[in-house]
file structure11.csv (CSV, C-alpha atoms)
chain,number,residue,atom,x,y,z
T,806,MET,CA,5.2,41.1,-45.0
T,807,GLY,CA,5.3,40.3,-41.3
T,808,GLU,CA,5.3,36.8,-39.9
T,809,GLN,CA,1.7,35.5,-39.6
T,810,THR,CA,0.7,33.7,-36.3
T,811,ILE,CA,-1.1,30.5,-36.9
T,812,LEU,CA,-3.8,29.9,-34.3
T,813,SER,CA,-4.0,26.4,-32.8
T,814,GLU,CA,-6.7,24.8,-30.7
T,815,GLN,CA,-5.9,24.3,-27.0
T,816,THR,CA,-7.9,22.3,-24.5
T,817,ILE,CA,-7.3,22.2,-20.7
T,818,PHE,CA,-8.5,19.1,-18.9
T,819,ARG,CA,-8.8,20.1,-15.2
T,820,ASN,CA,-8.8,17.9,-12.2
T,821,ALA,CA,-7.5,14.6,-13.7
T,822,LYS,CA,-6.2,11.9,-11.4
T,823,LEU,CA,-3.1,10.1,-12.7
T,824,ALA,CA,-2.0,6.5,-12.0
T,825,ASP,CA,0.4,7.7,-9.3
T,826,GLY,CA,-2.6,9.4,-7.4
T,827,SER,CA,-1.6,13.0,-8.3
T,828,ARG,CA,-4.3,15.5,-9.3
T,829,VAL,CA,-3.3,17.4,-12.4
T,830,ASP,CA,-4.5,19.7,-15.1
T,831,LEU,CA,-3.6,18.5,-18.6
T,832,SER,CA,-3.1,21.0,-21.4
T,833,VAL,CA,-3.4,19.8,-25.0
T,834,THR,CA,-2.3,21.9,-27.9
T,835,GLY,CA,-2.4,20.7,-31.5
T,836,GLY,CA,-3.3,17.2,-30.4
T,837,ARG,CA,-0.4,16.7,-28.0
T,838,PHE,CA,0.1,17.2,-24.3
T,839,SER,CA,1.7,20.6,-23.9
T,840,ALA,CA,1.6,20.8,-20.1
T,841,VAL,CA,1.0,18.5,-17.1
T,842,ALA,CA,0.6,20.7,-14.0
T,843,PRO,CA,-0.7,20.3,-10.4
T,844,ALA,CA,-4.5,20.7,-10.3
T,845,GLY,CA,-5.4,24.4,-10.3
T,846,LYS,CA,-2.0,25.5,-11.5
T,847,ALA,CA,-2.3,24.9,-15.3
T,848,PRO,CA,-0.2,27.4,-17.2
T,849,PRO,CA,-2.0,30.2,-19.0
T,850,ALA,CA,-3.2,29.5,-22.5
T,851,ASP,CA,-0.6,29.5,-25.2
T,852,LEU,CA,-0.5,32.9,-26.8
T,853,ALA,CA,-0.7,31.3,-30.2
T,854,ALA,CA,-3.9,29.5,-29.3
T,855,ILE,CA,-7.5,30.3,-29.7
T,856,ASP,CA,-9.4,30.7,-26.4
T,857,PRO,CA,-8.9,27.3,-24.7
T,858,ILE,CA,-11.6,24.8,-24.2
T,859,ILE,CA,-11.9,23.9,-20.5
T,860,ILE,CA,-13.1,20.4,-19.5
T,861,ASP,CA,-13.4,19.4,-15.9
T,862,LEU,CA,-12.8,15.7,-15.5
T,863,GLY,CA,-14.0,15.7,-11.9
T,864,GLY,CA,-11.2,13.6,-10.4
T,865,GLN,CA,-11.6,10.7,-12.8
T,866,LEU,CA,-8.7,8.4,-13.3
T,867,VAL,CA,-6.9,9.3,-16.5
T,868,VAL,CA,-4.7,6.7,-18.2
T,869,PRO,CA,-3.0,6.3,-21.6
T,870,ALA,CA,-5.2,4.8,-24.3
T,871,PHE,CA,-5.0,1.0,-24.3
T,872,VAL,CA,-2.9,-1.0,-26.8
T,873,GLU,CA,-4.6,-3.8,-28.7
T,874,GLY,CA,-1.4,-5.8,-29.5
T,875,HIS,CA,-2.8,-8.8,-31.3
T,876,ILE,CA,-6.1,-9.1,-33.2
T,877,HIS,CA,-7.4,-10.4,-36.5
T,878,LEU,CA,-9.5,-7.7,-38.3
T,879,ASP,CA,-10.1,-9.9,-41.3
T,880,THR,CA,-11.6,-13.0,-39.7
T,881,SER,CA,-14.0,-11.7,-37.0
T,882,PHE,CA,-17.7,-12.2,-37.3
T,883,TYR,CA,-18.5,-9.5,-34.7
T,884,GLY,CA,-21.7,-7.8,-35.8
T,885,ASP,CA,-22.4,-10.5,-38.4
T,886,ALA,CA,-24.7,-13.5,-38.0
T,887,TRP,CA,-23.9,-15.7,-35.0
T,888,ARG,CA,-21.8,-18.7,-36.1
T,889,PRO,CA,-21.8,-21.7,-33.7
T,890,HIS,CA,-18.4,-22.9,-32.7
T,891,ILE,CA,-17.2,-26.1,-34.5
T,892,PRO,CA,-14.9,-28.2,-32.3
T,893,CYS,CA,-11.8,-29.9,-33.6
T,894,THR,CA,-12.4,-33.7,-34.0
T,895,LYS,CA,-9.2,-34.8,-32.1
T,896,GLY,CA,-8.2,-32.0,-29.9
T,897,PHE,CA,-6.8,-28.6,-30.9
T,898,ASP,CA,-5.4,-28.6,-34.4
T,899,VAL,CA,-4.3,-25.5,-36.3
T,900,ARG,CA,-4.9,-27.0,-39.7
T,901,GLU,CA,-8.4,-28.1,-38.9
T,902,ARG,CA,-9.3,-24.7,-37.4
T,903,VAL,CA,-8.0,-23.0,-40.6
T,904,ALA,CA,-10.3,-25.2,-42.6
T,905,PHE,CA,-13.3,-24.3,-40.4
T,906,GLN,CA,-12.3,-20.6,-40.8
T,907,ALA,CA,-12.4,-20.9,-44.6
T,908,GLN,CA,-15.8,-22.5,-44.5
T,909,ASN,CA,-17.2,-19.7,-42.3
T,910,LEU,CA,-15.6,-16.9,-44.2
T,911,ALA,CA,-17.2,-18.1,-47.4
T,912,ALA,CA,-20.6,-17.3,-46.0
T,913,ALA,CA,-19.7,-14.1,-44.0
T,914,ALA,CA,-20.6,-10.5,-44.5
T,915,PRO,CA,-18.2,-8.4,-46.5
T,916,MET,CA,-14.8,-8.2,-44.8
T,917,ALA,CA,-14.6,-4.4,-44.7
T,918,GLU,CA,-17.9,-4.3,-42.8
T,919,ARG,CA,-16.8,-6.9,-40.3
T,920,ALA,CA,-13.5,-5.1,-39.8
T,921,LYS,CA,-15.3,-1.8,-39.2
T,922,ASN,CA,-17.5,-3.4,-36.6
T,923,GLN,CA,-14.5,-4.8,-34.7
T,924,LEU,CA,-12.5,-1.6,-35.0
T,925,GLU,CA,-15.3,0.5,-33.6
T,926,LEU,CA,-15.7,-2.0,-30.7
T,927,CYS,CA,-12.1,-1.6,-29.8
T,928,ILE,CA,-12.0,2.2,-30.2
T,929,GLY,CA,-15.2,2.4,-28.1
T,930,ASN,CA,-13.5,0.6,-25.2
T,931,GLY,CA,-10.4,2.8,-25.4
T,932,SER,CA,-7.8,1.1,-27.7
T,933,LEU,CA,-6.2,3.7,-30.0
T,934,ALA,CA,-3.2,1.7,-31.1
T,935,MET,CA,-3.5,-1.8,-32.6
T,936,ARG,CA,-1.5,-4.6,-34.3
T,937,SER,CA,-3.6,-6.8,-36.5
T,938,HIS,CA,-2.5,-10.0,-38.3
T,939,VAL,CA,-4.0,-10.3,-41.8
T,940,MET,CA,-4.2,-13.6,-43.6
T,941,VAL,CA,-1.9,-14.2,-46.6
T,942,ASP,CA,-1.9,-17.6,-48.4
T,943,ALA,CA,-2.4,-19.2,-51.7
T,944,SER,CA,-6.2,-19.5,-51.2
T,945,VAL,CA,-6.8,-15.8,-50.6
T,946,GLY,CA,-3.8,-14.2,-52.1
T,947,LEU,CA,-3.6,-10.5,-51.2
T,948,LYS,CA,-7.3,-9.9,-51.0
T,949,HIS,CA,-7.4,-9.7,-47.2
T,950,VAL,CA,-4.4,-7.4,-47.1
T,951,GLU,CA,-5.8,-5.0,-49.7
T,952,THR,CA,-9.2,-4.8,-47.9
T,953,ILE,CA,-7.7,-4.2,-44.4
T,954,LEU,CA,-5.3,-1.6,-45.8
T,955,ALA,CA,-8.2,0.3,-47.1
T,956,VAL,CA,-10.0,0.1,-43.8
T,957,ARG,CA,-6.9,1.3,-42.0
T,958,GLU,CA,-6.8,4.3,-44.2
T,959,LYS,CA,-10.4,5.2,-43.4
T,960,TYR,CA,-9.7,5.0,-39.6
T,961,ARG,CA,-6.3,6.6,-39.6
T,962,ASP,CA,-7.5,9.7,-37.7
T,963,LEU,CA,-9.0,7.5,-34.9
T,964,ILE,CA,-6.6,4.7,-34.4
T,965,ASP,CA,-3.0,3.8,-35.3
T,966,ILE,CA,-2.9,0.3,-36.8
T,967,GLN,CA,0.1,-1.9,-37.6
T,968,LEU,CA,-0.5,-4.8,-40.0
T,969,VAL,CA,1.3,-8.1,-40.0
T,970,ALA,CA,1.3,-10.2,-43.2
T,971,PHE,CA,0.3,-13.5,-41.6
T,972,PRO,CA,0.9,-16.8,-43.4
T,973,GLN,CA,-2.2,-18.6,-41.9
T,974,SER,CA,-1.5,-21.8,-43.9
T,975,GLY,CA,2.2,-21.9,-43.3
T,976,ILE,CA,5.0,-20.8,-45.7
T,977,LEU,CA,6.9,-23.8,-47.0
T,978,SER,CA,3.7,-26.0,-47.0
T,979,SER,CA,1.8,-23.4,-49.0
T,980,PRO,CA,3.7,-22.8,-52.3
T,981,GLY,CA,3.8,-19.2,-53.4
T,982,THR,CA,3.2,-17.8,-49.9
T,983,ALA,CA,6.7,-16.4,-49.5
T,984,GLU,CA,6.2,-14.3,-52.6
T,985,LEU,CA,2.8,-13.1,-51.4
T,986,LEU,CA,4.3,-12.1,-48.1
T,987,ASP,CA,6.9,-10.1,-50.0
T,988,GLU,CA,4.1,-8.3,-52.0
T,989,ALA,CA,2.1,-7.7,-48.8
T,990,LEU,CA,5.1,-5.8,-47.3
T,991,LYS,CA,5.4,-3.8,-50.5
T,992,LEU,CA,1.7,-2.9,-50.3
T,993,GLY,CA,2.1,-1.5,-46.8
T,994,CYS,CA,2.1,-4.2,-44.1
T,995,ASP,CA,4.5,-3.2,-41.3
T,996,LEU,CA,5.6,-6.7,-40.1
T,997,VAL,CA,6.0,-10.2,-41.4
T,998,GLY,CA,4.5,-13.0,-39.5
T,999,GLY,CA,5.0,-16.7,-39.1
T,1000,LEU,CA,3.2,-19.8,-37.9
T,1001,ASP,CA,4.5,-22.8,-35.9
T,1002,PRO,CA,7.7,-23.4,-37.9
T,1003,ALA,CA,8.1,-26.9,-36.5
T,1004,SER,CA,4.6,-28.4,-36.3
T,1005,PHE,CA,3.1,-26.7,-39.3
T,1006,ASP,CA,5.9,-26.4,-41.9
T,1007,ARG,CA,8.0,-29.0,-40.1
T,1008,ASP,CA,11.2,-27.0,-41.0
T,1009,VAL,CA,12.2,-24.5,-38.3
T,1010,LYS,CA,15.3,-23.3,-40.2
T,1011,GLY,CA,13.5,-23.0,-43.6
T,1012,HIS,CA,10.5,-21.2,-42.1
T,1013,LEU,CA,12.6,-18.7,-40.1
T,1014,ASP,CA,15.0,-18.2,-43.1
T,1015,VAL,CA,12.0,-16.8,-45.1
T,1016,VAL,CA,10.5,-14.7,-42.3
T,1017,PHE,CA,13.8,-13.0,-41.3
T,1018,ALA,CA,15.0,-12.5,-44.8
T,1019,LEU,CA,11.8,-10.7,-45.7
T,1020,ALA,CA,12.1,-8.6,-42.5
T,1021,GLN,CA,15.6,-7.6,-43.4
T,1022,LYS,CA,14.7,-6.9,-47.0
T,1023,HIS,CA,11.9,-4.5,-46.1
T,1024,GLY,CA,13.2,-3.2,-42.8
T,1025,ALA,CA,10.1,-4.7,-41.2
T,1026,GLY,CA,9.4,-6.1,-37.8
T,1027,VAL,CA,8.5,-9.8,-37.0
T,1028,ASP,CA,5.6,-11.2,-35.1
T,1029,ILE,CA,5.3,-15.0,-35.1
T,1030,HIS,CA,2.4,-17.1,-34.0
T,1031,LEU,CA,3.7,-20.0,-31.9
T,1032,HIS,CA,1.2,-22.5,-30.5
T,1033,ASP,CA,3.6,-25.4,-30.0
T,1034,GLY,CA,4.0,-26.4,-26.4
T,1035,GLY,CA,6.7,-27.9,-24.1
T,1036,THR,CA,10.2,-28.3,-25.3
T,1037,LEU,CA,9.3,-28.1,-28.9
T,1038,GLY,CA,7.8,-24.6,-28.3
T,1039,LEU,CA,10.8,-23.7,-26.2
T,1040,PHE,CA,13.3,-24.7,-28.9
T,1041,GLN,CA,11.6,-22.5,-31.4
T,1042,VAL,CA,11.5,-19.5,-29.0
T,1043,GLU,CA,15.3,-20.0,-28.5
T,1044,GLU,CA,15.9,-20.1,-32.2
T,1045,ILE,CA,13.8,-16.9,-32.8
T,1046,ALA,CA,15.7,-15.1,-30.0
T,1047,ALA,CA,19.1,-16.2,-31.4
T,1048,ARG,CA,18.3,-15.0,-34.9
T,1049,THR,CA,16.9,-11.7,-33.6
T,1050,LYS,CA,20.2,-11.0,-31.7
T,1051,ALA,CA,22.4,-12.2,-34.5
T,1052,LEU,CA,20.7,-10.0,-37.1
T,1053,GLY,CA,20.6,-6.9,-35.0
T,1054,MET,CA,16.8,-6.9,-34.7
T,1055,VAL,CA,16.7,-6.4,-31.0
T,1056,GLY,CA,13.4,-4.8,-30.0
T,1057,HIS,CA,11.7,-5.5,-33.4
T,1058,VAL,CA,10.6,-9.1,-32.9
T,1059,ALA,CA,7.6,-10.6,-31.0
T,1060,VAL,CA,6.4,-14.1,-30.4
T,1061,SER,CA,2.6,-14.4,-30.0
T,1062,HIS,CA,1.1,-17.0,-27.7
T,1063,ALA,CA,4.3,-18.9,-27.0
T,1064,TYR,CA,2.3,-21.6,-25.1
T,1065,GLY,CA,5.4,-23.6,-24.5
T,1066,LEU,CA,6.7,-21.0,-22.0
T,1067,GLY,CA,3.8,-21.9,-19.8
T,1068,ASP,CA,4.5,-25.6,-19.4
T,1069,ILE,CA,8.2,-26.0,-18.9
T,1070,PRO,CA,10.2,-26.3,-15.6
T,1071,ALA,CA,11.2,-23.1,-13.7
T,1072,ASN,CA,14.9,-23.5,-14.5
T,1073,ALA,CA,14.2,-23.7,-18.3
T,1074,LEU,CA,11.9,-20.7,-18.1
T,1075,ALA,CA,14.5,-18.7,-16.3
T,1076,LYS,CA,17.0,-19.5,-19.0
T,1077,ALA,CA,14.5,-18.6,-21.8
T,1078,GLY,CA,13.6,-15.4,-20.0
T,1079,ALA,CA,17.1,-14.3,-19.9
T,1080,MET,CA,17.6,-15.1,-23.6
T,1081,LEU,CA,14.4,-13.3,-24.6
T,1082,ALA,CA,15.3,-10.2,-22.6
T,1083,ALA,CA,18.8,-10.0,-24.0
T,1084,ALA,CA,17.4,-10.3,-27.6
T,1085,GLY,CA,14.6,-7.8,-26.9
T,1086,VAL,CA,12.0,-10.3,-28.1
T,1087,ALA,CA,8.5,-9.4,-26.8
T,1088,ILE,CA,5.9,-12.0,-25.8
T,1089,MET,CA,2.2,-11.6,-26.5
T,1090,THR,CA,-0.3,-13.5,-24.4
T,1091,ASN,CA,-4.1,-13.1,-24.2
T,1092,ALA,CA,-4.2,-15.6,-21.3
T,1093,PRO,CA,-6.5,-18.0,-23.1
T,1094,GLY,CA,-8.7,-20.2,-20.9
T,1095,ASN,CA,-7.8,-23.6,-22.1
T,1096,HIS,CA,-4.1,-23.4,-22.6
T,1097,ALA,CA,-1.0,-23.0,-20.5
T,1098,PHE,CA,0.3,-19.5,-21.2
T,1099,PRO,CA,3.6,-17.6,-20.6
T,1100,PRO,CA,4.0,-16.8,-16.9
T,1101,VAL,CA,3.6,-13.0,-17.0
T,1102,ALA,CA,5.2,-12.1,-13.6
T,1103,ALA,CA,8.3,-14.4,-14.1
T,1104,LEU,CA,9.0,-13.1,-17.6
T,1105,ARG,CA,8.6,-9.4,-16.6
T,1106,GLN,CA,10.9,-10.0,-13.7
T,1107,ALA,CA,13.5,-11.4,-16.2
T,1108,GLY,CA,13.2,-8.1,-18.2
T,1109,VAL,CA,11.0,-9.5,-21.0
T,1110,THR,CA,8.4,-7.2,-22.5
T,1111,VAL,CA,5.0,-8.9,-22.2
T,1112,PHE,CA,2.0,-7.4,-24.0
T,1113,SER,CA,-1.5,-8.5,-24.9
T,1114,GLY,CA,-4.4,-8.5,-27.3
T,1115,SER,CA,-7.9,-9.8,-27.8
T,1116,ASP,CA,-6.6,-12.2,-30.5
T,1117,ASN,CA,-9.9,-13.6,-31.9
T,1118,ILE,CA,-13.3,-11.9,-31.4
T,1119,ARG,CA,-16.2,-14.2,-32.2
T,1120,ASP,CA,-14.6,-16.0,-35.0
T,1121,SER,CA,-13.8,-19.6,-36.1
T,1122,TRP,CA,-11.4,-20.1,-33.2
T,1123,TRP,CA,-13.7,-19.3,-30.3
T,1124,PRO,CA,-16.9,-17.3,-29.7
T,1125,TYR,CA,-15.4,-15.0,-27.0
T,1126,GLY,CA,-13.9,-11.5,-27.1
T,1127,ASP,CA,-15.2,-8.1,-26.2
T,1128,GLY,CA,-12.5,-5.8,-27.7
T,1129,ASP,CA,-11.8,-4.4,-24.2
T,1130,MET,CA,-8.2,-4.4,-23.2
T,1131,LEU,CA,-9.0,-3.3,-19.6
T,1132,SER,CA,-11.1,-6.5,-19.4
T,1133,ARG,CA,-8.1,-8.4,-20.9
T,1134,ALA,CA,-6.0,-7.0,-18.0
T,1135,ASN,CA,-8.6,-8.4,-15.6
T,1136,ILE,CA,-8.4,-11.8,-17.3
T,1137,ILE,CA,-4.6,-11.8,-17.2
T,1138,GLY,CA,-4.6,-10.9,-13.5
T,1139,TYR,CA,-7.2,-13.5,-12.7
T,1140,ARG,CA,-5.5,-16.3,-14.5
T,1141,SER,CA,-2.1,-15.3,-13.2
T,1142,GLY,CA,-3.2,-15.2,-9.6
T,1143,PHE,CA,-2.5,-11.5,-9.2
T,1144,TYR,CA,-4.1,-10.1,-6.0
T,1145,GLU,CA,-1.8,-7.4,-4.6
T,1146,ASP,CA,-2.0,-3.9,-5.9
T,1147,HIS,CA,1.5,-4.0,-7.6
T,1148,GLU,CA,0.5,-7.2,-9.4
T,1149,LEU,CA,-2.8,-5.6,-10.6
T,1150,ALA,CA,-0.7,-2.6,-11.8
T,1151,ALA,CA,1.5,-5.1,-13.7
T,1152,ALA,CA,-1.5,-6.5,-15.5
T,1153,PHE,CA,-2.5,-3.0,-16.5
T,1154,ASP,CA,1.0,-2.2,-17.7
T,1155,VAL,CA,0.7,-5.3,-20.0
T,1156,VAL,CA,-2.1,-3.6,-21.9
T,1157,THR,CA,-0.7,-0.1,-21.9
T,1158,HIS,CA,3.0,0.9,-21.6
T,1159,ALA,CA,4.4,-2.6,-22.3
T,1160,GLY,CA,2.1,-2.9,-25.3
T,1161,ALA,CA,3.4,0.5,-26.5
T,1162,LYS,CA,7.0,-0.7,-26.1
T,1163,ALA,CA,6.3,-3.9,-28.0
T,1164,LEU,CA,4.7,-2.0,-30.8
T,1165,GLY,CA,7.5,0.6,-30.8
T,1166,LEU,CA,5.2,3.6,-30.1
T,1167,GLU,CA,7.4,6.6,-29.5
T,1168,ASP,CA,4.9,9.2,-28.5
T,1169,TYR,CA,2.9,7.3,-25.9
T,1170,GLY,CA,1.8,8.2,-22.4
T,1171,ILE,CA,0.6,11.1,-20.4
T,1172,VAL,CA,3.8,13.2,-20.8
T,1173,ILE,CA,4.6,16.5,-22.5
T,1174,GLY,CA,5.0,16.0,-26.2
T,1175,ALA,CA,3.1,12.7,-26.5
T,1176,SER,CA,-0.1,12.4,-28.5
T,1177,ALA,CA,-3.0,13.1,-26.2
T,1178,ASP,CA,-4.6,9.7,-26.5
T,1179,PHE,CA,-6.2,8.8,-23.2
T,1180,VAL,CA,-9.1,7.3,-21.3
T,1181,ALA,CA,-11.0,8.9,-18.4
T,1182,MET,CA,-13.0,6.7,-16.1
T,1183,PRO,CA,-14.5,6.6,-12.6
T,1184,ALA,CA,-11.9,4.6,-10.5
T,1185,GLN,CA,-9.9,5.3,-7.4
T,1186,HIS,CA,-6.8,4.0,-9.0
T,1187,VAL,CA,-5.4,1.5,-11.5
T,1188,PRO,CA,-5.8,-1.7,-9.3
T,1189,GLU,CA,-9.5,-0.9,-8.8
T,1190,ALA,CA,-9.9,-0.2,-12.6
T,1191,VAL,CA,-8.4,-3.7,-13.4
T,1192,VAL,CA,-10.7,-5.4,-10.9
T,1193,ALA,CA,-13.9,-3.4,-11.5
T,1194,VAL,CA,-13.5,-2.8,-15.3
T,1195,PRO,CA,-15.7,0.3,-15.3
T,1196,LYS,CA,-17.6,0.6,-18.5
T,1197,HIS,CA,-18.4,4.3,-18.1
T,1198,ARG,CA,-15.4,5.8,-19.9
T,1199,THR,CA,-14.6,8.6,-22.2
T,1200,VAL,CA,-11.9,8.0,-24.9
T,1201,TYR,CA,-9.9,10.9,-26.2
T,1202,ARG,CA,-7.9,10.9,-29.5
T,1203,ARG,CA,-5.5,13.7,-29.8
T,1204,GLY,CA,-7.4,15.6,-27.1
T,1205,ARG,CA,-10.9,15.2,-28.7
T,1206,ALA,CA,-13.6,12.9,-27.3
T,1207,VAL,CA,-14.2,10.0,-29.8
T,1208,ALA,CA,-16.1,7.5,-27.7
T,1209,ARG,CA,-18.1,7.3,-24.6
T,1210,ASP,CA,-19.6,4.4,-22.6
T,1211,GLY,CA,-18.3,1.9,-25.1
T,1212,ARG,CA,-19.7,3.6,-28.2
T,1213,MET,CA,-18.0,5.7,-30.8
T,1214,MET,CA,-19.3,9.2,-31.0
T,1215,GLY,CA,-19.1,9.3,-34.8
T,1216,ILE,CA,-19.5,6.6,-37.5
T,1217,VAL,CA,-17.0,6.0,-40.3
T,1218,GLN,CA,-18.5,4.7,-43.5
T,1219,ALA,CA,-17.1,1.3,-44.5
call {"tool": "encode", "arguments": {"input": "structure11.csv", "output": "structure tokens"}}
result
Amino acid sequence: MGEQTILSEQTIFRNAKLADGSRVDLSVTGGRFSAVAPAGKAPPADLAAIDPIIIDLGGQLVVPAFVEGHIHLDTSFYGDAWRPHIPCTKGFDVRERVAFQAQNLAAAAPMAERAKNQLELCIGNGSLAMRSHVMVDASVGLKHVETILAVREKYRDLIDIQLVAFPQSGILSSPGTAELLDEALKLGCDLVGGLDPASFDRDVKGHLDVVFALAQKHGAGVDIHLHDGGTLGLFQVEEIAARTKALGMVGHVAVSHAYGLGDIPANALAKAGAMLAAAGVAIMTNAPGNHAFPPVAALRQAGVTVFSGSDNIRDSWWPYGDGDMLSRANIIGYRSGFYEDHELAAAFDVVTHAGAKALGLEDYGIVIGASADFVAMPAQHVPEAVVAVPKHRTVYRRGRAVARDGRMMGIVQA
């Protein structure tokens, strides 16, 4: 019996404008870019393909899908009843915020429904890769992880999601949490998290011993929440970087928030930047409005991978968040004092290529062989997109349109 040819679908996207200003035709076969050719010179359809679908993008700017690098799918109230923000009684305090969160979650809509709302918001705005932290502690056990794992499975064809087992109530100060983190990784979480080893657990070495031991045991990555400022925050960043390098985990560790990097002298920042770059430790910032945050330009110049995320969306920590990583690039640029085109392009890189690097995405970008996950929008170029944040966008997942103008084109049942 002769060899049977298997037909595959091919789509040719004509007249796309890339970030470098070039006009191209993009060929997508089997969900991946199979050709990137000058406009009007796309190669003929693959002989093994069905008659290709032709889509004229009309000169729209085409960019890789955004990377939502830090979010909390389990604790958002987006789409649920409005919950007025409860301020801390004596300034920002993580423990008090966690208590407010528990109070609010007890009266919230089902978690799967809230996670679905948040996911569809992010997909609608163009994020097709995500890292979500999911709460694990003695009070909730593995319920949050089990729920979000099920939601991830339902959305697997629309978005790639990494899950971090996140010890929201600390590790050493919450007996049994280390064992729960171990179980969460067995269930399918991709990374192990941490939370303010010094100020929350008051034992930097003990906290990091648990986190890195679990990472090594499961071959998992690490992403640690670090809110501590000043020299205390800097000390912990240095300890994390030193362990990362010593354990051969270069490129597999991130520190989220790292506020301390935003309120230290320039010489100390330069030293920390060099250490982070050498250890391959990525830094996540969402450029929050009421905190010092890691200096994006200085860290990037030092060779550090800086990425971003929405963090909280209408939850117990703050009422803001729109699930739009292009809007987040705008915020980062605004708060960083980025005005020149190359600076605006850097803010855009933070939510695209740098995010992909931090998450270890190997088939990212508008290049042959990569998954055809991209966004088309009316903008002259990337700097204008960052400033204007055009909402009229079409989001493509593996070459198929899945969202337009901020809304998904199909609904996934929770």
call {"tool": "residues_around", "arguments": {"input": "structure11.csv", "residues": "segment 954-966 of chain T", "least_positions_apart": "4", "cutoff": "9 Å", "atoms": "all atoms listed in the file", "output": "PDB file with C-alpha atoms, in the coordinates of the input"}}
result
ATOM      1  CA  ALA T 917     -14.600  -4.400 -44.700  1.00  0.00           C
ATOM      2  CA  ALA T 920     -13.500  -5.100 -39.800  1.00  0.00           C
ATOM      3  CA  LYS T 921     -15.300  -1.800 -39.200  1.00  0.00           C
ATOM      4  CA  LEU T 924     -12.500  -1.600 -35.000  1.00  0.00           C
ATOM      5  CA  ILE T 928     -12.000   2.200 -30.200  1.00  0.00           C
ATOM      6  CA  SER T 932      -7.800   1.100 -27.700  1.00  0.00           C
ATOM      7  CA  LEU T 933      -6.200   3.700 -30.000  1.00  0.00           C
ATOM      8  CA  ALA T 934      -3.200   1.700 -31.100  1.00  0.00           C
ATOM      9  CA  MET T 935      -3.500  -1.800 -32.600  1.00  0.00           C
ATOM     10  CA  ARG T 936      -1.500  -4.600 -34.300  1.00  0.00           C
ATOM     11  CA  SER T 937      -3.600  -6.800 -36.500  1.00  0.00           C
ATOM     12  CA  HIS T 949      -7.400  -9.700 -47.200  1.00  0.00           C
ATOM     13  CA  VAL T 950      -4.400  -7.400 -47.100  1.00  0.00           C
ATOM     14  CA  LEU T 992       1.700  -2.900 -50.300  1.00  0.00           C
ATOM     15  CA  GLY T 993       2.100  -1.500 -46.800  1.00  0.00           C
ATOM     16  CA  CYS T 994       2.100  -4.200 -44.100  1.00  0.00           C
ATOM     17  CA  ARG T1202      -7.900  10.900 -29.500  1.00  0.00           C
ATOM     18  CA  ARG T1203      -5.500  13.700 -29.800  1.00  0.00           C
ATOM     19  CA  VAL T1207     -14.200  10.000 -29.800  1.00  0.00           C
ATOM     20  CA  VAL T1217     -17.000   6.000 -40.300  1.00  0.00           C
ATOM     21  CA  GLN T1218     -18.500   4.700 -43.500  1.00  0.00           C
ATOM     22  CA  ALA T1219     -17.100   1.300 -44.500  1.00  0.00           C
TER      23      ALA T1219
END
call {"tool": "closest_residue", "arguments": {"input": "structure11.csv", "among": "T:Val997, T:Val868, T:Gly1067, T:Gly874", "to": "Gly1026 of chain T", "atoms": "only C-alpha atoms"}}
result
T:Val997
call {"tool": "axis_aligned_box", "arguments": {"input": "structure11.csv", "around": "segment 822-825 of chain T", "padding_each_side": "6 Å", "output": "lines of an AutoDock Vina configuration file"}}
result
center_x = -2.9
center_y = 9.2
center_z = -11.0
size_x = 18.6
size_y = 17.4
size_z = 15.4
call {"tool": "residues_near_point", "arguments": {"input": "structure11.csv", "point": "(4.2, -26.3, -24.5)", "cutoff": "10 Å", "atoms": "all atoms listed in the file", "output": "ChimeraX atom specification"}}
result
/T:1031-1039,1063-1069,1096-1099
call {"tool": "residues_around", "arguments": {"input": "structure11.csv", "residues": "Ala842 of chain T", "least_positions_apart": "3", "cutoff": "12 Å", "atoms": "all atoms listed in the file", "output": "MDAnalysis selection string"}}
result
chainID T and resid 817:823 827:833 838:839 845:849 1171:1173
call {"tool": "residues_around", "arguments": {"input": "structure11.csv", "residues": "Ala1102 of chain T", "least_positions_apart": "2", "cutoff": "9 Å", "atoms": "only C-alpha atoms", "output": "ChimeraX atom specification"}}
result
/T:1100,1104-1107,1141,1143,1148,1151-1152
